[in-house]
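Pasted below: input-v9.cif, mmCIF, C-alpha atoms.
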```
data_start
#
loop_
_atom_site.label_atom_id
_atom_site.label_comp_id
_atom_site.auth_asym_id
_atom_site.auth_seq_id
_atom_site.Cartn_x
_atom_site.Cartn_y
_atom_site.Cartn_z
CA MET A 24 0.00 0.00 0.00
CA ALA A 25 3.02 2.26 -0.36
CA ASP A 26 2.01 5.44 -2.15
CA THR A 27 4.91 6.33 -4.38
CA ASP A 28 7.46 3.53 -4.59
CA ASP A 29 7.31 0.72 -7.09
CA MET A 30 5.77 2.82 -9.85
CA ARG A 31 6.59 2.00 -13.48
CA ALA A 32 7.07 4.33 -16.46
CA GLY A 33 3.85 6.11 -17.41
CA GLU A 34 2.00 5.25 -14.24
CA LYS A 35 0.02 7.94 -12.47
CA ARG A 36 -1.36 8.14 -8.95
CA VAL A 37 -3.87 10.44 -7.32
CA ASP A 38 -3.95 11.94 -3.84
CA LEU A 39 -6.97 10.64 -2.01
CA ALA A 40 -8.60 11.15 1.34
CA PRO A 41 -8.93 7.94 3.36
CA PRO A 42 -11.85 5.82 2.13
CA ALA A 43 -14.97 6.35 4.22
CA ASP A 44 -18.04 5.51 2.14
CA ALA A 45 -18.94 1.95 3.16
CA VAL A 46 -17.43 -0.70 5.39
CA LEU A 47 -16.99 -4.39 4.61
CA ARG A 48 -17.28 -7.30 7.00
CA PHE A 49 -15.13 -10.26 5.97
CA ILE A 50 -17.13 -13.50 6.08
CA GLY A 51 -14.15 -15.84 6.11
CA HIS A 52 -10.96 -16.47 4.17
CA ILE A 53 -9.78 -18.43 1.14
CA GLU A 54 -7.22 -21.21 1.24
CA THR A 55 -5.33 -21.56 -2.04
CA PRO A 56 -2.04 -23.21 -3.06
CA PHE A 57 -0.76 -19.79 -4.20
CA THR A 58 1.44 -18.71 -1.32
CA SER A 59 3.12 -15.80 -3.10
CA ARG A 60 2.11 -13.37 -5.84
CA ASP A 61 4.52 -15.04 -8.25
CA LEU A 62 2.63 -18.31 -7.87
CA CYS A 63 -0.77 -16.78 -8.63
CA PRO A 64 -1.96 -17.48 -12.17
CA ARG A 65 -3.09 -14.46 -14.20
CA GLN A 66 -6.58 -15.86 -14.40
CA GLY A 67 -8.22 -18.73 -12.56
CA ARG A 68 -9.03 -21.86 -14.54
CA ILE A 69 -12.05 -24.03 -13.95
CA ASP A 70 -9.71 -27.05 -14.09
CA GLY A 71 -7.23 -25.40 -11.72
CA PRO A 72 -6.38 -26.66 -8.24
CA GLU A 73 -8.94 -27.08 -5.50
CA CYS A 74 -9.26 -24.10 -3.17
CA VAL A 75 -11.32 -23.87 0.03
CA LEU A 76 -13.59 -21.04 1.15
CA HIS A 77 -13.60 -21.09 4.96
CA LEU A 78 -16.77 -19.45 6.28
CA ALA A 79 -16.97 -17.82 9.70
CA PRO A 80 -19.38 -19.79 11.95
CA GLU A 81 -22.19 -17.22 11.93
CA TRP A 82 -22.44 -17.45 8.12
CA VAL A 83 -22.55 -21.24 7.74
CA PRO A 84 -26.39 -21.38 7.80
CA ALA A 85 -26.35 -18.98 4.83
CA LEU A 86 -24.92 -21.79 2.66
CA ARG A 87 -28.22 -23.71 2.69
CA GLY A 88 -29.12 -24.62 -0.88
CA ILE A 89 -25.86 -23.59 -2.53
CA GLU A 90 -25.01 -27.19 -3.40
CA ALA A 91 -27.69 -27.01 -6.10
CA TYR A 92 -25.42 -24.78 -8.17
CA GLU A 93 -22.53 -25.97 -10.30
CA MET A 94 -21.02 -22.52 -10.76
CA VAL A 95 -20.65 -19.89 -8.05
CA GLU A 96 -19.48 -16.28 -8.13
CA VAL A 97 -16.93 -15.44 -5.43
CA LEU A 98 -15.95 -11.95 -4.24
CA TYR A 99 -12.79 -11.35 -2.24
CA TRP A 100 -10.64 -8.53 -0.95
CA LEU A 101 -7.24 -8.11 -2.59
CA HIS A 102 -5.66 -7.13 0.67
CA GLU A 103 -2.16 -6.50 -0.65
CA SER A 104 -3.11 -4.02 -3.37
CA ARG A 105 -2.43 -0.32 -3.45
CA ARG A 106 -5.48 1.75 -4.38
CA ASP A 107 -4.27 5.06 -5.77
CA LEU A 108 -3.20 4.37 -9.38
CA VAL A 109 -5.26 5.75 -12.27
CA LEU A 110 -2.77 4.73 -14.98
CA GLN A 111 -0.86 1.44 -14.88
CA SER A 112 1.89 -0.12 -16.99
CA PRO A 113 1.57 -3.86 -16.47
CA LYS A 114 4.83 -5.74 -16.36
CA SER A 115 3.47 -8.09 -19.01
CA ASP A 116 3.62 -5.60 -21.87
CA GLY A 117 4.66 -2.22 -20.44
CA GLU A 118 1.84 -0.41 -22.25
CA THR A 119 0.15 2.24 -20.10
CA ARG A 120 -3.60 1.94 -19.67
CA GLY A 121 -6.29 3.19 -17.34
CA THR A 122 -7.01 1.17 -14.22
CA PHE A 123 -10.58 0.52 -15.41
CA ALA A 124 -9.27 -0.95 -18.71
CA LEU A 125 -7.34 -3.59 -16.74
CA ARG A 126 -8.26 -6.48 -14.47
CA SER A 127 -5.21 -5.68 -12.33
CA PRO A 128 -5.61 -6.15 -8.56
CA VAL A 129 -4.57 -2.50 -8.17
CA ARG A 130 -7.88 -0.62 -8.07
CA PRO A 131 -9.62 2.09 -6.00
CA ASN A 132 -11.57 -0.74 -4.36
CA PRO A 133 -9.51 -3.92 -4.69
CA ILE A 134 -12.32 -6.45 -5.00
CA GLY A 135 -11.69 -9.60 -7.00
CA THR A 136 -14.50 -11.52 -8.67
CA ALA A 137 -14.27 -15.08 -9.93
CA HIS A 138 -16.64 -17.61 -11.43
CA VAL A 139 -15.73 -20.94 -9.90
CA ARG A 140 -16.87 -24.54 -10.04
CA LEU A 141 -18.42 -25.83 -6.83
CA ILE A 142 -16.85 -29.15 -5.85
CA ARG A 143 -18.29 -29.83 -2.39
CA VAL A 144 -19.69 -28.26 0.77
CA ASP A 145 -18.64 -29.67 4.13
CA GLY A 146 -19.85 -27.57 7.08
CA PRO A 147 -18.00 -24.25 6.94
CA ARG A 148 -15.72 -25.45 4.09
CA VAL A 149 -16.70 -24.83 0.47
CA THR A 150 -14.31 -26.43 -2.01
CA VAL A 151 -14.10 -24.85 -5.47
CA ARG A 152 -11.90 -24.73 -8.58
CA GLY A 153 -11.14 -21.61 -10.60
CA LEU A 154 -9.56 -19.14 -8.21
CA ASP A 155 -6.30 -17.25 -8.80
CA CYS A 156 -5.88 -15.37 -5.51
CA LEU A 157 -3.27 -15.51 -2.79
CA ASN A 158 -3.63 -17.94 0.08
CA ALA A 159 -5.41 -16.33 3.07
CA THR A 160 -7.29 -13.80 0.94
CA PRO A 161 -10.29 -12.38 2.86
CA LEU A 162 -13.67 -13.59 1.59
CA ILE A 163 -16.43 -11.03 0.94
CA ASP A 164 -19.28 -12.94 -0.68
CA LEU A 165 -20.42 -15.95 -2.70
CA LYS A 166 -23.56 -16.35 -4.76
CA PRO A 167 -24.96 -18.50 -7.54
CA ASP A 168 -23.41 -17.64 -10.86
CA ARG A 169 -25.61 -15.33 -12.90
CA CYS A 170 -25.65 -17.76 -15.85
CA ALA A 171 -26.90 -20.63 -13.70
CA TYR A 172 -29.33 -18.65 -11.58
CA SER A 173 -32.94 -18.26 -12.60
CA PRO A 174 -35.35 -16.45 -10.35
CA ALA A 175 -38.18 -18.84 -9.55
CA ALA A 176 -40.89 -16.33 -10.39
CA PRO A 177 -41.93 -14.84 -13.72
CA GLU A 178 -40.09 -11.75 -14.94
CA LYS A 179 -41.29 -8.50 -13.43
CA PRO A 180 -42.35 -5.79 -15.84
CA THR A 181 -39.29 -3.73 -16.78
CA ALA A 182 -38.97 -0.01 -17.32
CA THR A 183 -38.54 0.85 -20.94
CA GLY A 184 -35.78 2.91 -22.48
CA MET B 17 -31.26 -1.47 7.36
CA ALA B 18 -33.75 -2.13 10.15
CA ASP B 19 -32.70 -5.20 12.08
CA THR B 20 -35.88 -7.03 12.90
CA ASP B 21 -38.86 -5.64 11.04
CA ASP B 22 -39.90 -6.77 7.58
CA MET B 23 -38.86 -10.38 8.09
CA ARG B 24 -40.77 -13.14 6.31
CA ALA B 25 -41.60 -16.67 7.51
CA GLY B 26 -38.50 -18.83 7.90
CA GLU B 27 -36.03 -15.96 7.70
CA LYS B 28 -33.19 -15.82 10.20
CA ARG B 29 -30.90 -12.97 11.20
CA VAL B 30 -27.65 -12.89 13.14
CA ASP B 31 -26.35 -10.39 15.66
CA LEU B 32 -23.24 -8.77 14.30
CA ALA B 33 -20.69 -6.25 15.45
CA PRO B 34 -20.43 -3.21 13.16
CA PRO B 35 -18.40 -4.01 10.03
CA ALA B 36 -14.78 -2.92 10.39
CA ASP B 37 -12.59 -5.02 8.08
CA ALA B 38 -12.12 -2.85 4.98
CA VAL B 39 -13.41 0.50 3.78
CA LEU B 40 -14.73 1.35 0.33
CA ARG B 41 -14.34 4.59 -1.56
CA PHE B 42 -17.19 5.25 -3.99
CA ILE B 43 -15.85 6.27 -7.41
CA GLY B 44 -19.09 7.78 -8.70
CA HIS B 45 -22.74 6.87 -9.05
CA ILE B 46 -25.04 5.14 -11.51
CA GLU B 47 -27.94 6.81 -13.29
CA THR B 48 -30.69 4.35 -14.23
CA PRO B 49 -34.36 4.67 -15.16
CA PHE B 50 -35.25 2.53 -12.13
CA THR B 51 -36.35 5.09 -9.57
CA SER B 52 -37.90 2.65 -7.11
CA ARG B 53 -37.25 -0.96 -6.13
CA ASP B 54 -40.49 -2.04 -7.79
CA LEU B 55 -39.20 -0.74 -11.11
CA CYS B 56 -35.90 -2.65 -10.94
CA PRO B 57 -35.88 -5.78 -13.10
CA ARG B 58 -34.83 -9.01 -11.37
CA GLN B 59 -31.83 -9.27 -13.67
CA GLY B 60 -30.31 -6.78 -16.06
CA ARG B 61 -30.66 -7.45 -19.78
CA ILE B 62 -28.05 -6.61 -22.36
CA ASP B 63 -30.84 -5.11 -24.49
CA GLY B 64 -32.22 -3.18 -21.52
CA PRO B 65 -32.32 0.60 -21.22
CA GLU B 66 -29.22 2.78 -21.35
CA CYS B 67 -27.73 3.63 -17.95
CA VAL B 68 -24.88 6.02 -17.20
CA LEU B 69 -21.91 5.48 -14.91
CA HIS B 70 -20.87 8.92 -13.65
CA LEU B 71 -17.22 8.88 -12.59
CA ALA B 72 -15.80 11.27 -10.01
CA PRO B 73 -13.27 13.65 -11.66
CA GLU B 74 -10.15 12.07 -10.14
CA TRP B 75 -11.00 8.69 -11.72
CA VAL B 76 -11.70 9.86 -15.27
CA PRO B 77 -8.07 9.24 -16.43
CA ALA B 78 -8.48 5.63 -15.29
CA LEU B 79 -10.96 5.07 -18.15
CA ARG B 80 -8.19 5.26 -20.78
CA GLY B 81 -8.46 2.24 -23.06
CA ILE B 82 -11.79 0.94 -21.82
CA GLU B 83 -13.50 1.76 -25.12
CA ALA B 84 -11.68 -1.24 -26.61
CA TYR B 85 -13.99 -3.58 -24.70
CA GLU B 86 -17.51 -4.49 -25.72
CA MET B 87 -18.41 -6.00 -22.36
CA VAL B 88 -17.55 -4.53 -18.96
CA GLU B 89 -18.02 -5.83 -15.43
CA VAL B 90 -19.54 -3.26 -13.04
CA LEU B 91 -19.50 -3.42 -9.23
CA TYR B 92 -21.82 -1.26 -7.14
CA TRP B 93 -22.99 -0.83 -3.58
CA LEU B 94 -26.57 -1.87 -2.83
CA HIS B 95 -26.99 0.96 -0.40
CA GLU B 96 -30.56 0.18 0.68
CA SER B 97 -29.94 -3.43 1.70
CA ARG B 98 -29.93 -4.86 5.20
CA ARG B 99 -26.93 -7.09 5.91
CA ASP B 100 -27.84 -9.43 8.74
CA LEU B 101 -29.96 -12.20 7.17
CA VAL B 102 -28.55 -15.73 6.85
CA LEU B 103 -31.83 -17.29 5.67
CA GLN B 104 -34.22 -15.56 3.29
CA SER B 105 -37.67 -16.32 1.91
CA PRO B 106 -37.91 -14.43 -1.36
CA LYS B 107 -41.30 -12.98 -2.11
CA SER B 108 -41.19 -14.69 -5.51
CA ASP B 109 -41.66 -18.23 -4.20
CA GLY B 110 -41.62 -18.09 -0.40
CA GLU B 111 -39.11 -20.94 -0.18
CA THR B 112 -36.45 -20.37 2.49
CA ARG B 113 -32.84 -20.56 1.35
CA GLY B 114 -29.42 -19.45 2.53
CA THR B 115 -28.27 -15.98 1.58
CA PHE B 116 -25.34 -17.44 -0.39
CA ALA B 117 -27.74 -19.57 -2.47
CA LEU B 118 -29.51 -16.40 -3.62
CA ARG B 119 -28.55 -13.38 -5.70
CA SER B 120 -30.71 -11.22 -3.42
CA PRO B 121 -29.38 -7.71 -2.67
CA VAL B 122 -29.61 -8.61 1.03
CA ARG B 123 -26.10 -9.88 1.84
CA PRO B 124 -23.40 -9.43 4.50
CA ASN B 125 -21.62 -7.18 2.00
CA PRO B 126 -24.24 -5.84 -0.41
CA ILE B 127 -22.14 -5.61 -3.55
CA GLY B 128 -23.85 -6.03 -6.91
CA THR B 129 -22.00 -7.29 -9.97
CA ALA B 130 -23.21 -6.95 -13.54
CA HIS B 131 -21.86 -7.76 -16.98
CA VAL B 132 -22.91 -4.89 -19.20
CA ARG B 133 -22.53 -3.79 -22.80
CA LEU B 134 -20.42 -0.67 -23.28
CA ILE B 135 -22.24 1.82 -25.49
CA ARG B 136 -20.06 4.95 -25.32
CA VAL B 137 -17.58 6.90 -23.20
CA ASP B 138 -17.92 10.68 -23.02
CA GLY B 139 -15.59 12.27 -20.45
CA PRO B 140 -16.78 11.16 -17.02
CA ARG B 141 -19.91 9.50 -18.44
CA VAL B 142 -19.86 5.83 -19.41
CA THR B 143 -23.08 4.66 -21.03
CA VAL B 144 -23.95 0.96 -20.74
CA ARG B 145 -26.86 -1.47 -21.10
CA GLY B 146 -27.53 -4.40 -18.79
CA LEU B 147 -27.96 -2.95 -15.32
CA ASP B 148 -30.82 -3.64 -12.94
CA CYS B 149 -29.97 -1.36 -10.00
CA LEU B 150 -31.74 1.63 -8.48
CA ASN B 151 -31.06 5.10 -9.77
CA ALA B 152 -28.25 6.84 -7.79
CA THR B 153 -26.60 3.57 -6.74
CA PRO B 154 -22.98 4.19 -5.64
CA LEU B 155 -20.36 2.90 -8.09
CA ILE B 156 -17.47 0.80 -6.76
CA ASP B 157 -15.55 -0.42 -9.81
CA LEU B 158 -15.59 -1.24 -13.52
CA LYS B 159 -13.26 -3.52 -15.46
CA PRO B 160 -13.09 -5.43 -18.72
CA ASP B 161 -15.30 -8.47 -18.66
CA ARG B 162 -13.37 -11.63 -17.89
CA CYS B 163 -14.56 -13.31 -21.08
CA ALA B 164 -13.32 -10.45 -23.26
CA TYR B 165 -10.09 -9.78 -21.41
CA SER B 166 -6.88 -11.52 -22.40
CA PRO B 167 -3.65 -10.65 -20.66
CA ALA B 168 -1.21 -9.46 -23.31
CA ALA B 169 1.58 -11.71 -22.08
CA PRO B 170 1.94 -15.48 -22.18
CA GLU B 171 0.42 -17.47 -19.33
CA LYS B 172 2.58 -17.65 -16.24
CA PRO B 173 3.40 -21.09 -14.91
CA THR B 174 0.65 -22.17 -12.55
CA ALA B 175 0.84 -24.04 -9.30
CA THR B 176 -0.41 -27.59 -9.63
CA GLY B 177 -2.97 -29.32 -7.51
#
```
Transcribe the structure of this file into structure tokens.
Amino acid sequence: MADTDDMRAGEKRVDLAPPADAVLRFIGHIETPFTSRDLCPRQGRIDGPECVLHLAPEWVPALRGIEAYEMVEVLYWLHESRRDLVLQSPKSDGETRGTFALRSPVRPNPIGTAHVRLIRVDGPRVTVRGLDCLNATPLIDLKPDRCAYSPAAPEKPTATG
Amino acid sequence: MADTDDMRAGEKRVDLAPPADAVLRFIGHIETPFTSRDLCPRQGRIDGPECVLHLAPEWVPALRGIEAYEMVEVLYWLHESRRDLVLQSPKSDGETRGTFALRSPVRPNPIGTAHVRLIRVDGPRVTVRGLDCLNATPLIDLKPDRCAYSPAAPEKPTATG
């Protein structure tokens, strides 16, 4: 989270007041085989290694019914990322682009999203494949994947435009 | 955000300390035609009405390069949602399920994710189709859709498992 070191050519940061708009409550953590940033793949693969979402006890009842879904969306907090870059020059190609044109972990709000395959649920442990994050990453949310999820009721009327 | 009123049959809440794990910084807000919850569709449609992401001035440079992507992932804060339910009985079918088996806006961390079609970028205004959120919803992040995004460099070696 250093503000000025480790910047590459073309990168640009902004001065920001401390964030104060909304507060997250971690619901657990993620166990992955990726114990350093160098071991993290650039993108998770559905046939990648098994990873385990460890839920805090109070949230275990909230898993009821999730085993019906093959694919789950996972949100997590990229706790090692700085948050003040507007332009970035990824090591991979050195080209400078805006933060919102990249899926870099460096973002104003470093939230990762992944679509993972649900392997099994065992009490507070949810085993999945498809993650690319560091071991011990804080867990924010999980929900049925949009593609797999159909509301049980008929569509509501929609506003037109 | 009331704690005990408006609960349906079968629903269960938990007592929680105030959230304190990470703090978000809103990067703008979202203009949609959905001015009340009853007008929000259950899921956004790629052929739905145009909506506008309004970026705060300091984040406008971070849009550089985003116009290359047809599909963009948007994260937003569901600011009217309570956060303490572990079991929910959606009005649509009355069946009680765990919060993590639903895409309900009621979640421990009420973050919405959407995959939207990018229509145009005009300074701080990013016009998209595919959202289903309330007008004036706080914006958290936008990034190239996973499906459309390919890192420019070769795959890194991955850990096995």
Superposition of chain B onto chain A by least squares over all sequentially paired C-alpha atoms; the transformed chain is requested as an mmCIF file with C-alpha atoms, in the coordinates of the input.
```cif
data_model
loop_
_atom_site.group_PDB
_atom_site.id
_atom_site.type_symbol
_atom_site.label_atom_id
_atom_site.label_comp_id
_atom_site.auth_asym_id
_atom_site.auth_seq_id
_atom_site.Cartn_x
_atom_site.Cartn_y
_atom_site.Cartn_z
ATOM 1 C CA MET B 17 0.044 0.036 -0.021
ATOM 2 C CA ALA B 18 3.038 2.350 -0.338
ATOM 3 C CA ASP B 19 2.014 5.500 -2.150
ATOM 4 C CA THR B 20 4.907 6.383 -4.381
ATOM 5 C CA ASP B 21 7.467 3.612 -4.582
ATOM 6 C CA ASP B 22 7.298 0.762 -7.068
ATOM 7 C CA MET B 23 5.796 2.848 -9.854
ATOM 8 C CA ARG B 24 6.610 1.998 -13.466
ATOM 9 C CA ALA B 25 7.078 4.330 -16.455
ATOM 10 C CA GLY B 26 3.863 6.109 -17.417
ATOM 11 C CA GLU B 27 1.999 5.238 -14.232
ATOM 12 C CA LYS B 28 0.025 7.950 -12.475
ATOM 13 C CA ARG B 29 -1.345 8.133 -8.945
ATOM 14 C CA VAL B 30 -3.869 10.440 -7.322
ATOM 15 C CA ASP B 31 -3.952 11.948 -3.856
ATOM 16 C CA LEU B 32 -6.966 10.650 -2.017
ATOM 17 C CA ALA B 33 -8.600 11.147 1.338
ATOM 18 C CA PRO B 34 -8.917 7.925 3.357
ATOM 19 C CA PRO B 35 -11.836 5.803 2.119
ATOM 20 C CA ALA B 36 -14.957 6.355 4.209
ATOM 21 C CA ASP B 37 -18.040 5.516 2.127
ATOM 22 C CA ALA B 38 -18.935 1.952 3.144
ATOM 23 C CA VAL B 39 -17.434 -0.697 5.392
ATOM 24 C CA LEU B 40 -16.975 -4.378 4.614
ATOM 25 C CA ARG B 41 -17.269 -7.296 6.985
ATOM 26 C CA PHE B 42 -15.120 -10.265 5.968
ATOM 27 C CA ILE B 43 -17.135 -13.500 6.079
ATOM 28 C CA GLY B 44 -14.152 -15.854 6.110
ATOM 29 C CA HIS B 45 -10.966 -16.475 4.176
ATOM 30 C CA ILE B 46 -9.781 -18.418 1.150
ATOM 31 C CA GLU B 47 -7.224 -21.214 1.251
ATOM 32 C CA THR B 48 -5.333 -21.583 -2.033
ATOM 33 C CA PRO B 49 -2.062 -23.218 -3.065
ATOM 34 C CA PHE B 50 -0.784 -19.806 -4.194
ATOM 35 C CA THR B 51 1.422 -18.726 -1.315
ATOM 36 C CA SER B 52 3.113 -15.827 -3.088
ATOM 37 C CA ARG B 53 2.108 -13.389 -5.820
ATOM 38 C CA ASP B 54 4.517 -15.045 -8.244
ATOM 39 C CA LEU B 55 2.629 -18.310 -7.861
ATOM 40 C CA CYS B 56 -0.790 -16.792 -8.620
ATOM 41 C CA PRO B 57 -1.970 -17.484 -12.168
ATOM 42 C CA ARG B 58 -3.078 -14.450 -14.193
ATOM 43 C CA GLN B 59 -6.588 -15.864 -14.396
ATOM 44 C CA GLY B 60 -8.222 -18.726 -12.562
ATOM 45 C CA ARG B 61 -9.030 -21.867 -14.535
ATOM 46 C CA ILE B 62 -12.047 -24.042 -13.952
ATOM 47 C CA ASP B 63 -9.721 -27.065 -14.095
ATOM 48 C CA GLY B 64 -7.254 -25.417 -11.718
ATOM 49 C CA PRO B 65 -6.387 -26.671 -8.245
ATOM 50 C CA GLU B 66 -8.953 -27.088 -5.484
ATOM 51 C CA CYS B 67 -9.276 -24.098 -3.148
ATOM 52 C CA VAL B 68 -11.327 -23.853 0.035
ATOM 53 C CA LEU B 69 -13.605 -21.036 1.145
ATOM 54 C CA HIS B 70 -13.615 -21.083 4.953
ATOM 55 C CA LEU B 71 -16.780 -19.446 6.276
ATOM 56 C CA ALA B 72 -16.980 -17.819 9.696
ATOM 57 C CA PRO B 73 -19.386 -19.786 11.960
ATOM 58 C CA GLU B 74 -22.206 -17.219 11.912
ATOM 59 C CA TRP B 75 -22.452 -17.449 8.100
ATOM 60 C CA VAL B 76 -22.547 -21.234 7.744
ATOM 61 C CA PRO B 77 -26.406 -21.365 7.780
ATOM 62 C CA ALA B 78 -26.366 -18.978 4.813
ATOM 63 C CA LEU B 79 -24.907 -21.779 2.653
ATOM 64 C CA ARG B 80 -28.207 -23.712 2.678
ATOM 65 C CA GLY B 81 -29.126 -24.608 -0.892
ATOM 66 C CA ILE B 82 -25.880 -23.585 -2.544
ATOM 67 C CA GLU B 83 -25.017 -27.191 -3.404
ATOM 68 C CA ALA B 84 -27.690 -27.002 -6.115
ATOM 69 C CA TYR B 85 -25.413 -24.777 -8.194
ATOM 70 C CA GLU B 86 -22.534 -25.976 -10.322
ATOM 71 C CA MET B 87 -21.041 -22.519 -10.774
ATOM 72 C CA VAL B 88 -20.656 -19.891 -8.052
ATOM 73 C CA GLU B 89 -19.484 -16.287 -8.139
ATOM 74 C CA VAL B 90 -16.927 -15.441 -5.425
ATOM 75 C CA LEU B 91 -15.952 -11.945 -4.252
ATOM 76 C CA TYR B 92 -12.796 -11.352 -2.227
ATOM 77 C CA TRP B 93 -10.640 -8.537 -0.939
ATOM 78 C CA LEU B 94 -7.243 -8.105 -2.594
ATOM 79 C CA HIS B 95 -5.666 -7.125 0.668
ATOM 80 C CA GLU B 96 -2.142 -6.497 -0.637
ATOM 81 C CA SER B 97 -3.107 -4.029 -3.363
ATOM 82 C CA ARG B 98 -2.421 -0.312 -3.446
ATOM 83 C CA ARG B 99 -5.467 1.764 -4.389
ATOM 84 C CA ASP B 100 -4.261 5.073 -5.771
ATOM 85 C CA LEU B 101 -3.193 4.376 -9.378
ATOM 86 C CA VAL B 102 -5.256 5.753 -12.276
ATOM 87 C CA LEU B 103 -2.766 4.713 -14.978
ATOM 88 C CA GLN B 104 -0.843 1.447 -14.890
ATOM 89 C CA SER B 105 1.900 -0.123 -16.987
ATOM 90 C CA PRO B 106 1.577 -3.858 -16.475
ATOM 91 C CA LYS B 107 4.839 -5.731 -16.353
ATOM 92 C CA SER B 108 3.494 -8.086 -19.025
ATOM 93 C CA ASP B 109 3.650 -5.585 -21.887
ATOM 94 C CA GLY B 110 4.676 -2.218 -20.448
ATOM 95 C CA GLU B 111 1.846 -0.425 -22.250
ATOM 96 C CA THR B 112 0.167 2.235 -20.097
ATOM 97 C CA ARG B 113 -3.589 1.947 -19.673
ATOM 98 C CA GLY B 114 -6.294 3.192 -17.338
ATOM 99 C CA THR B 115 -7.007 1.167 -14.231
ATOM 100 C CA PHE B 116 -10.579 0.514 -15.419
ATOM 101 C CA ALA B 117 -9.269 -0.947 -18.701
ATOM 102 C CA LEU B 118 -7.333 -3.567 -16.728
ATOM 103 C CA ARG B 119 -8.257 -6.463 -14.465
ATOM 104 C CA SER B 120 -5.200 -5.670 -12.331
ATOM 105 C CA PRO B 121 -5.611 -6.150 -8.555
ATOM 106 C CA VAL B 122 -4.547 -2.508 -8.159
ATOM 107 C CA ARG B 123 -7.872 -0.631 -8.066
ATOM 108 C CA PRO B 124 -9.613 2.075 -6.013
ATOM 109 C CA ASN B 125 -11.567 -0.742 -4.362
ATOM 110 C CA PRO B 126 -9.507 -3.922 -4.698
ATOM 111 C CA ILE B 127 -12.306 -6.451 -4.994
ATOM 112 C CA GLY B 128 -11.686 -9.617 -6.990
ATOM 113 C CA THR B 129 -14.499 -11.527 -8.666
ATOM 114 C CA ALA B 130 -14.270 -15.093 -9.914
ATOM 115 C CA HIS B 131 -16.633 -17.615 -11.453
ATOM 116 C CA VAL B 132 -15.725 -20.945 -9.920
ATOM 117 C CA ARG B 133 -16.867 -24.550 -10.062
ATOM 118 C CA LEU B 134 -18.421 -25.837 -6.846
ATOM 119 C CA ILE B 135 -16.852 -29.148 -5.861
ATOM 120 C CA ARG B 136 -18.294 -29.843 -2.395
ATOM 121 C CA VAL B 137 -19.701 -28.260 0.761
ATOM 122 C CA ASP B 138 -18.641 -29.665 4.128
ATOM 123 C CA GLY B 139 -19.849 -27.562 7.074
ATOM 124 C CA PRO B 140 -17.990 -24.255 6.927
ATOM 125 C CA ARG B 141 -15.725 -25.443 4.094
ATOM 126 C CA VAL B 142 -16.707 -24.845 0.476
ATOM 127 C CA THR B 143 -14.322 -26.424 -2.009
ATOM 128 C CA VAL B 144 -14.096 -24.850 -5.473
ATOM 129 C CA ARG B 145 -11.889 -24.738 -8.575
ATOM 130 C CA GLY B 146 -11.160 -21.618 -10.600
ATOM 131 C CA LEU B 147 -9.541 -19.155 -8.224
ATOM 132 C CA ASP B 148 -6.315 -17.265 -8.809
ATOM 133 C CA CYS B 149 -5.898 -15.375 -5.520
ATOM 134 C CA LEU B 150 -3.266 -15.524 -2.794
ATOM 135 C CA ASN B 151 -3.628 -17.941 0.069
ATOM 136 C CA ALA B 152 -5.423 -16.339 3.078
ATOM 137 C CA THR B 153 -7.291 -13.791 0.948
ATOM 138 C CA PRO B 154 -10.296 -12.386 2.870
ATOM 139 C CA LEU B 155 -13.676 -13.595 1.586
ATOM 140 C CA ILE B 156 -16.425 -11.034 0.942
ATOM 141 C CA ASP B 157 -19.294 -12.938 -0.676
ATOM 142 C CA LEU B 158 -20.420 -15.953 -2.696
ATOM 143 C CA LYS B 159 -23.567 -16.362 -4.775
ATOM 144 C CA PRO B 160 -24.967 -18.500 -7.562
ATOM 145 C CA ASP B 161 -23.418 -17.641 -10.878
ATOM 146 C CA ARG B 162 -25.606 -15.337 -12.928
ATOM 147 C CA CYS B 163 -25.661 -17.753 -15.856
ATOM 148 C CA ALA B 164 -26.906 -20.624 -13.694
ATOM 149 C CA TYR B 165 -29.329 -18.636 -11.576
ATOM 150 C CA SER B 166 -32.949 -18.245 -12.604
ATOM 151 C CA PRO B 167 -35.365 -16.436 -10.345
ATOM 152 C CA ALA B 168 -38.177 -18.845 -9.517
ATOM 153 C CA ALA B 169 -40.886 -16.333 -10.357
ATOM 154 C CA PRO B 170 -41.941 -14.855 -13.683
ATOM 155 C CA GLU B 171 -40.090 -11.780 -14.909
ATOM 156 C CA LYS B 172 -41.318 -8.535 -13.423
ATOM 157 C CA PRO B 173 -42.357 -5.819 -15.836
ATOM 158 C CA THR B 174 -39.312 -3.772 -16.748
ATOM 159 C CA ALA B 175 -38.944 -0.071 -17.263
ATOM 160 C CA THR B 176 -38.501 0.817 -20.909
ATOM 161 C CA GLY B 177 -35.820 2.943 -22.436
#
```
Exercise for review: Give the answer as one residue: which of A:Pro147, A:Gly51, A:Pro128, A:Pro167 has the shortest atom-to-atom distance to chain B, using all atoms listed in the file?
Suggested key: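 The shortest atom-to-atom distance to chain B comes from A:Pro167.
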Exercise for review: Within 8 Å of chain A, which residues of chain B are there when counting only C-alpha atoms? Please give them as number ranges by chain.
Suggested key: B: 30, 35-43, 49-50, 55-58, 64-66, 74-75, 77-82, 102-103, 108-109, 113-119, 123-125, 156-160, 165, 167-169, 171-177
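Take CA of His70 in chain B and CA of Ile135 in chain B: the distance between them is 13.9 Å.
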**Study point:** Residues within 6 Å of Glu47 in chain B, only C-alpha atoms, excluding chain neighbours under 3 positions, as a PyMOL selection string
**Key:** chain B and resi 67-68+151-152
Practice item. Have a look at CA of His52 in chain A and CA of Leu155 in chain B and let me know their distance in Å, one decimal. Key: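 Going from CA of His52 in chain A over to CA of Leu155 in chain B, I get 24.8 Å.
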